[in-house]
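Input: a single structure, listed below in structure tokens.
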Amino acid sequence: MRQIISKYGGECARCGKEFSVGDSIVYEKTTGVFCPGCEPIDTEDIRKFRQVKADRKAGRYEGWAAKREAKAKEQLNSMPTIRHDWAFITQPGRIPLREKMNQADDRARESLNVAERMRGKAEGIRNVHVAGDAERKRQAHRDELDKLISKGSKVHDFTFGNGEVIGIYKKSYRIKFDRGFTYSRDKSFIQLI
């Protein structure tokens, strides 16, 4: 977050206090605009403000996807009497109406695919990440491994193969591998055999 001079009027995302052009504000694109002193500092507080913006943006994508799906399904269900007439569908030769109907169906199916991608994008937007999330997840995995692995445990490393733990450190294990060398590896790369 950085402190800037406001070019536009607005209000603080936390307290709702109005500010005008030329006032000092704290801004971050993914979090919003705040009065000095109101800006979120705690990780979970930052996540909460980012989640509000992400939900709003994801909602727009889901709305667009719903409109596309409704329009495409309407097209795919149009002209039911002709769609179920096997003579019309299977008759050889070029029939302009059938060709036009098939092209419209292709566009409708493509629109359904676009709507599915929009829903996927909305789902991805809703997964808000804050700096340090990946490291916290990795550390939780390390803590779980520490409950299972001790000195002398037989382990497997994806790169170096099988080995035996000879030292335990905060983020890594010292392993004597069966291939004849000793190496320290991050705990998150190791599996208990």
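Letters for chains follow the order of the structure tokens (A, B, ...), residue numbers begin at 1 for each chain, and ligand numbers begin at 1 in the order shown.
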(request) Please identify which residues in stretch 60-180 of chain A DSSP calls strand (DSSP E or B) from the backbone, and express them as a list in words. (result)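 Selection result, strand (DSSP E or B) within stretch 60-180 of chain A: Lys154, Val155, His156, Asp157, Gly161, Asn162, Gly163, Glu164, Val165, Ile166, Gly167, Ile168, Ser172, Tyr173, Arg174, Ile175, Lys176 and Phe177 of chain A.
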Those same residues - C-alpha atoms - I'd like them written as a PDB file, in the first residue's frame.
```pdb
ATOM      1  CA  LYS A 154      13.399 -44.249   5.443  1.00  0.00           C
ATOM      2  CA  VAL A 155      12.226 -41.571   3.010  1.00  0.00           C
ATOM      3  CA  HIS A 156      11.830 -40.975  -0.703  1.00  0.00           C
ATOM      4  CA  ASP A 157      12.832 -37.817  -2.581  1.00  0.00           C
ATOM      5  CA  GLY A 161      15.384 -41.458  -4.745  1.00  0.00           C
ATOM      6  CA  ASN A 162      15.364 -43.346  -1.434  1.00  0.00           C
ATOM      7  CA  GLY A 163      17.447 -42.555   1.610  1.00  0.00           C
ATOM      8  CA  GLU A 164      17.662 -42.357   5.403  1.00  0.00           C
ATOM      9  CA  VAL A 165      17.173 -39.216   7.517  1.00  0.00           C
ATOM     10  CA  ILE A 166      20.340 -38.436   9.535  1.00  0.00           C
ATOM     11  CA  GLY A 167      19.486 -34.866  10.615  1.00  0.00           C
ATOM     12  CA  ILE A 168      16.350 -32.783  11.198  1.00  0.00           C
ATOM     13  CA  SER A 172      14.965 -29.412   5.835  1.00  0.00           C
ATOM     14  CA  TYR A 173      16.149 -32.954   6.449  1.00  0.00           C
ATOM     15  CA  ARG A 174      19.736 -34.128   6.056  1.00  0.00           C
ATOM     16  CA  ILE A 175      19.458 -37.381   4.120  1.00  0.00           C
ATOM     17  CA  LYS A 176      21.976 -40.086   3.291  1.00  0.00           C
ATOM     18  CA  PHE A 177      20.734 -41.361  -0.032  1.00  0.00           C
TER      19      PHE A 177
END
```
Give me the residues near A:Tyr8 as a compact mmCIF listing (two decimals) with N, CA and C atoms, in the first residue's frame, where near means some atom within 7 Å (using only C-alpha atoms) and where sequence neighbours in that chain fewer than 2 positions away do not count.
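Heads up, here's the output in part00.txt:
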```
# COMPACT_ATOMS: atom_id res chain seq x y z
N SER A 6 -5.11 12.28 -3.49
CA SER A 6 -6.31 11.91 -4.24
C SER A 6 -6.53 12.82 -5.43
N GLY A 10 -14.07 10.52 -3.06
CA GLY A 10 -14.47 9.15 -2.77
C GLY A 10 -14.67 8.96 -1.29
N SER A 20 -11.88 14.37 -0.51
CA SER A 20 -12.03 15.14 -1.74
C SER A 20 -10.69 15.21 -2.47
N VAL A 21 -10.70 15.87 -3.60
CA VAL A 21 -9.49 16.02 -4.42
C VAL A 21 -8.42 16.74 -3.61
```
(message) Can you pull out the residues contacting A:Glu18? Cut-off 12 Å, using only C-alpha atoms, and skip same-chain residues under 2 positions away; I want them as a PyMOL selection string.
(response) chain A and resi 6+8-16+20-21+23-25+33-35
(message) What's around A:Tyr169 at 12 Å? Count only C-alpha atoms, leave out sequence neighbours fewer than 6 positions away in its own chain, and write the answer as a list of chain:residue names.
(response) A:Arg142, A:Asp143, A:Asp146, A:Ile149, A:Ser150, A:Lys151, A:Ile175, A:Ser184, A:Arg185, A:Asp186, A:Lys187
Could you write out, as an mmCIF file with N, CA and C atoms, in the first residue's frame, all the residues of stretch 122-173 of chain A that DSSP marks as helix (DSSP H, G or I)?
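Listed below is the output, out_35.cif:
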```cif
data_model
loop_
_atom_site.group_PDB
_atom_site.id
_atom_site.type_symbol
_atom_site.label_atom_id
_atom_site.label_comp_id
_atom_site.auth_asym_id
_atom_site.auth_seq_id
_atom_site.Cartn_x
_atom_site.Cartn_y
_atom_site.Cartn_z
ATOM 1 N N ALA A 122 -14.167 -16.866 -13.054
ATOM 2 C CA ALA A 122 -14.795 -16.343 -11.837
ATOM 3 C C ALA A 122 -14.365 -17.152 -10.623
ATOM 4 N N GLU A 123 -14.285 -18.463 -10.786
ATOM 5 C CA GLU A 123 -13.839 -19.320 -9.678
ATOM 6 C C GLU A 123 -12.397 -19.024 -9.301
ATOM 7 N N GLY A 124 -11.556 -18.792 -10.306
ATOM 8 C CA GLY A 124 -10.160 -18.450 -10.036
ATOM 9 C C GLY A 124 -10.019 -17.096 -9.352
ATOM 10 N N ILE A 125 -10.868 -16.147 -9.736
ATOM 11 C CA ILE A 125 -10.813 -14.818 -9.126
ATOM 12 C C ILE A 125 -11.207 -14.883 -7.657
ATOM 13 N N ARG A 126 -12.151 -15.742 -7.325
ATOM 14 C CA ARG A 126 -12.613 -15.847 -5.932
ATOM 15 C C ARG A 126 -11.543 -16.392 -4.984
ATOM 16 N N ASP A 133 0.917 -16.809 1.690
ATOM 17 C CA ASP A 133 0.000 -17.949 1.752
ATOM 18 C C ASP A 133 0.692 -19.254 1.375
ATOM 19 N N ALA A 134 1.473 -19.228 0.306
ATOM 20 C CA ALA A 134 2.139 -20.446 -0.160
ATOM 21 C C ALA A 134 3.144 -20.941 0.872
ATOM 22 N N GLU A 135 3.888 -20.025 1.469
ATOM 23 C CA GLU A 135 4.882 -20.432 2.474
ATOM 24 C C GLU A 135 4.198 -20.978 3.726
ATOM 25 N N ARG A 136 3.072 -20.383 4.131
ATOM 26 C CA ARG A 136 2.337 -20.907 5.299
ATOM 27 C C ARG A 136 1.821 -22.316 5.020
ATOM 28 N N LYS A 137 1.344 -22.550 3.798
ATOM 29 C CA LYS A 137 0.865 -23.882 3.432
ATOM 30 C C LYS A 137 2.021 -24.886 3.435
ATOM 31 N N ARG A 138 3.158 -24.476 2.885
ATOM 32 C CA ARG A 138 4.333 -25.347 2.852
ATOM 33 C C ARG A 138 4.804 -25.663 4.277
ATOM 34 N N GLN A 139 4.776 -24.648 5.176
ATOM 35 C CA GLN A 139 5.209 -24.867 6.557
ATOM 36 C C GLN A 139 4.253 -25.811 7.287
ATOM 37 N N ALA A 140 2.966 -25.711 7.003
ATOM 38 C CA ALA A 140 1.999 -26.636 7.605
ATOM 39 C C ALA A 140 2.290 -28.065 7.158
ATOM 40 N N HIS A 141 2.672 -28.232 5.883
ATOM 41 C CA HIS A 141 3.037 -29.559 5.370
ATOM 42 C C HIS A 141 4.303 -30.069 6.071
ATOM 43 N N ARG A 142 5.269 -29.180 6.277
ATOM 44 C CA ARG A 142 6.499 -29.563 6.988
ATOM 45 C C ARG A 142 6.180 -30.015 8.409
ATOM 46 N N ASP A 143 5.292 -29.285 9.094
ATOM 47 C CA ASP A 143 4.925 -29.640 10.465
ATOM 48 C C ASP A 143 4.260 -31.009 10.531
ATOM 49 N N GLU A 144 3.422 -31.327 9.537
ATOM 50 C CA GLU A 144 2.792 -32.650 9.481
ATOM 51 C C GLU A 144 3.848 -33.739 9.277
ATOM 52 N N LEU A 145 4.833 -33.480 8.414
ATOM 53 C CA LEU A 145 5.893 -34.458 8.177
ATOM 54 C C LEU A 145 6.738 -34.682 9.428
ATOM 55 N N ASP A 146 6.972 -33.614 10.214
ATOM 56 C CA ASP A 146 7.759 -33.753 11.440
ATOM 57 C C ASP A 146 7.115 -34.709 12.432
ATOM 58 N N LYS A 147 5.793 -34.831 12.380
ATOM 59 C CA LYS A 147 5.097 -35.769 13.269
ATOM 60 C C LYS A 147 5.349 -37.216 12.856
ATOM 61 N N LEU A 148 5.661 -37.433 11.558
ATOM 62 C CA LEU A 148 5.826 -38.786 11.032
ATOM 63 C C LEU A 148 7.287 -39.207 10.878
#
```
(message) I need the residue nearest A:Asn77 from this list: A:Arg94, A:Arg109, A:Lys170, A:Lys48. Use only C-alpha atoms for the distance.
(response)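 Smallest separation from A:Asn77 among the options: A:Arg109.
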Do a neighbour search on A:Val52 at 10 Å with only C-alpha atoms, toss out local chain neighbours closer than 4 positions, and write the hits as a short mmCIF file (atom, residue, chain, number, x, y, z; two decimals) with C-alpha atoms, in the first residue's frame.
```
data_model
loop_
_atom_site.label_atom_id
_atom_site.label_comp_id
_atom_site.auth_asym_id
_atom_site.auth_seq_id
_atom_site.Cartn_x
_atom_site.Cartn_y
_atom_site.Cartn_z
CA THR A 30 -6.40 -4.99 -5.12
CA THR A 31 -7.57 -3.69 -1.73
CA GLY A 32 -9.04 -0.23 -2.23
CA ARG A 47 -7.66 -10.82 2.57
CA LYS A 48 -11.15 -9.64 3.66
CA ARG A 56 -17.82 -8.37 -7.06
CA LYS A 57 -15.65 -9.03 -10.13
CA ALA A 58 -16.42 -12.77 -10.11
CA ARG A 126 -12.61 -15.85 -5.93
CA VAL A 128 -7.83 -14.58 -3.11
#
```
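Our summary of the geometry notes that atom CA of A:Asp55 is positioned 18.3 Å from atom CA of A:Pro40.
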(message) So, with only C-alpha atoms as the atoms that count, which of A:Pro80, A:Val130, A:Gln191, A:Phe160 lies closest to A:Asp42?
(response)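 Answer, going by the shortest atom-to-atom distance: A:Val130.
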(request) Tell me, as number ranges by chain, which residues lie within 12 Å of A:Val114, counting only C-alpha atoms; anything in the same chain fewer than 6 positions away does not count. (result) A: 61-62, 64-69, 72, 107-108, 120-121
At a cut-off of 12 Å, can you tabulate as JSON lines every residue of stretch 12-87 of chain A near stretch 103-106 of chain A together with its closest atom pair and the distance in Å to one decimal, using only C-alpha atoms and ordering rows by chain then number?
```
{"residue": "A:Lys71", "atom": "CA", "partner": "A:Asp105", "partner_atom": "CA", "distance": 11.3}
{"residue": "A:Ala72", "atom": "CA", "partner": "A:Asp105", "partner_atom": "CA", "distance": 8.2}
{"residue": "A:Lys73", "atom": "CA", "partner": "A:Asp105", "partner_atom": "CA", "distance": 9.5}
{"residue": "A:Glu74", "atom": "CA", "partner": "A:Asp105", "partner_atom": "CA", "distance": 10.2}
{"residue": "A:Gln75", "atom": "CA", "partner": "A:Asp105", "partner_atom": "CA", "distance": 6.9}
{"residue": "A:Leu76", "atom": "CA", "partner": "A:Asp105", "partner_atom": "CA", "distance": 5.9}
{"residue": "A:Asn77", "atom": "CA", "partner": "A:Asp105", "partner_atom": "CA", "distance": 9.4}
{"residue": "A:Ser78", "atom": "CA", "partner": "A:Asp105", "partner_atom": "CA", "distance": 9.6}
{"residue": "A:Met79", "atom": "CA", "partner": "A:Asp105", "partner_atom": "CA", "distance": 11.5}
{"residue": "A:Arg83", "atom": "CA", "partner": "A:Asp105", "partner_atom": "CA", "distance": 11.2}
```
(request) Would you mind telling me which residue in A:Ile4, A:Arg60, A:Thr182, A:Ser188 lies nearest to A:Met118 when using only C-alpha atoms? (result)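 Under the stated criterion, the closest residue is A:Arg60.
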